[in-house]
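Engineer: First the structure, then my questions, so here it is.
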Amino acid sequence: MQTALYGKMGRVRSPHPYGHRKFITMSDGATSTFDLFEPLAEHCVGDDVTMVICPGIANHSEKQYIRTFVDYAQKNGYRCAVLNHLGALPNIELTSPRMFTYGCTWEFGAMVNYIKKAYPFTQLVVVGFSLGGNIVCKYLGEIQANQERVLCCVSVCQGYSALRAQETFMQWDQCRRFYNFLMADNMKKIILSHRQALFGDHVKKPQSLEDSDLSRLYTATSLMQIDDNVMRKFHGYTSLKEYYEEESCMRYLHRIYVPLMLVNAADDPLVHESLLTIPKSLSEKRENVMFVLPLHGGHLGFFEGSVLFPEPLTWMDKLVVEYANAICQWERSKLQCSDTEQVEAELE
């Protein structure tokens, strides 16, 4: 109910934070965009902290759950930078024959680099929702330098391994196959809205992307079919198996050394319980990893309040901000202890 119904009903009073849209030209000619929101209050420790946020599949800064979270983070003293997935915004045209994919970190990395250069003294809190959780974890684990100036990372409701998830996505329990169909239908609409930029005669398409793939796209009824016929070919993968293996964050999680909180719900209809062994096992082996698994919450739900009209601000929103606050306070206390030890050493 939280996933299917409250995803709309629970956000009828969503705030409308004011931000500035930034444009970045990528090396392949793609135009990446993100929205920047300045803090509305002083941070709890008085520091300059920026949340770099990656939304779920085909989402952007204008989605209700993102608006709600950004507004709450701003009021707690955080600057927020929200990536708009390439091709997701209806009013932004593609400028290269490529759109966002399951694990491509290029646009997110470009946004993070922009923030680091524009705000040389800011520290970062990395946040990813659903597919965005896969992207941010993969980004941090790809190169050690990506973790510089990062205080912590939070991933909410991701599946960790697309290869292991693809079989469960074809199962009907908890209506997972139906959700698969709905998400595939939405992806088809987005891809077809950029038909000319991706498949036009004037376009220099990836060698493996053919006109026949467009006809197969019309008949696709699952995300896996779309990934196999179109998405993997943007990056030259020879098979769906290779694409899912290389683009999943599972093989990068052990390379993350900053505090990492992985959040899932036991009743998430999109993330099968078999996938939850990945974060559970990781948290048992790594001291920097916390795995949070409430019984209820659905997929990006976690609503509180009355049954029919829950509060727009969710437990998820509060959890991420409170965790970030705790990490900031912990870092500040470490600095104070270090300063005190240095003074005592000098006195001796």
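Chain labels run A, B, ... following the order of the structure tokens; each chain numbers its residues from 1, and ligands are numbered from 1 in the order shown.
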Could you name the residues that touch Met290 in chain A at 10 Å or less, counting only C-alpha atoms, but leaving out those on the same chain fewer than 3 positions away, as a list in words?
Structural biologist: Val154, Pro259, Leu260, Met261, Leu262, Val263, Pro279, Lys280, Leu282, Ser283, Glu284, Arg286, Glu287 and Leu293 of chain A
Engineer: Counting only C-alpha atoms, what are the residues of range 144-199 of chain A within 10 Å of range 58-81 of chain A, and for each of them which pair of atoms is the nearest and at what distance in Å, to one decimal? Sort the table by chain and rising number, as a tab-separated table.
Structural biologist:
```
residue	atom	partner	partner_atom	distance
A:Met183	CA	A:Ala58	CA	9.1
A:Asn186	CA	A:Ala58	CA	8.3
A:Met187	CA	A:Ala58	CA	7.3
A:Ile190	CA	A:Ala58	CA	8.1
```
Engineer: Each residue of range 48-100 of chain A lying at most 8 Å from range 126-143 of chain A should get a row with its shortest atom-to-atom pair and the distance in Å to one decimal, counting only C-alpha atoms; could you produce that, ordered by chain and increasing number, as CSV?
Structural biologist:
```
residue,atom,partner,partner_atom,distance
A:Met51,CA,A:Val126,CA,5.8
A:Val52,CA,A:Val126,CA,5.1
A:Ile53,CA,A:Val127,CA,4.8
A:Cys54,CA,A:Gly132,CA,4.7
A:Pro55,CA,A:Gly132,CA,5.0
A:Gly56,CA,A:Leu131,CA,4.7
A:Ile57,CA,A:Leu131,CA,5.4
```
Engineer: Between CA of Asp267 in chain A and CA of Thr168 in chain A, what is the spacing in Å?
Structural biologist: 14.3 Å
Engineer: Report, in Å with one decimal, the straight-line distance from CA of Trp330 in chain A to CA of Asp47 in chain A.
Structural biologist: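 Between CA of Trp330 in chain A and CA of Asp47 in chain A the gap is 12.6 Å.
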Engineer: To one decimal in Å, tell me the separation between CA of Ala197 in chain A and CA of Ser27 in chain A.
Structural biologist: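 Atom-to-atom, CA of Ala197 in chain A and CA of Ser27 in chain A are spaced 16.8 Å apart.
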Engineer: So that I can check the secondary structure, give me every residue of range 15-253 of chain A assigned alpha helix (DSSP H) by backbone DSSP, as an MDAnalysis selection string.
Structural biologist: chainID A and resid 64:75 106:118 131:142 162:168 176:193 195:199 211:219 223:229 240:247
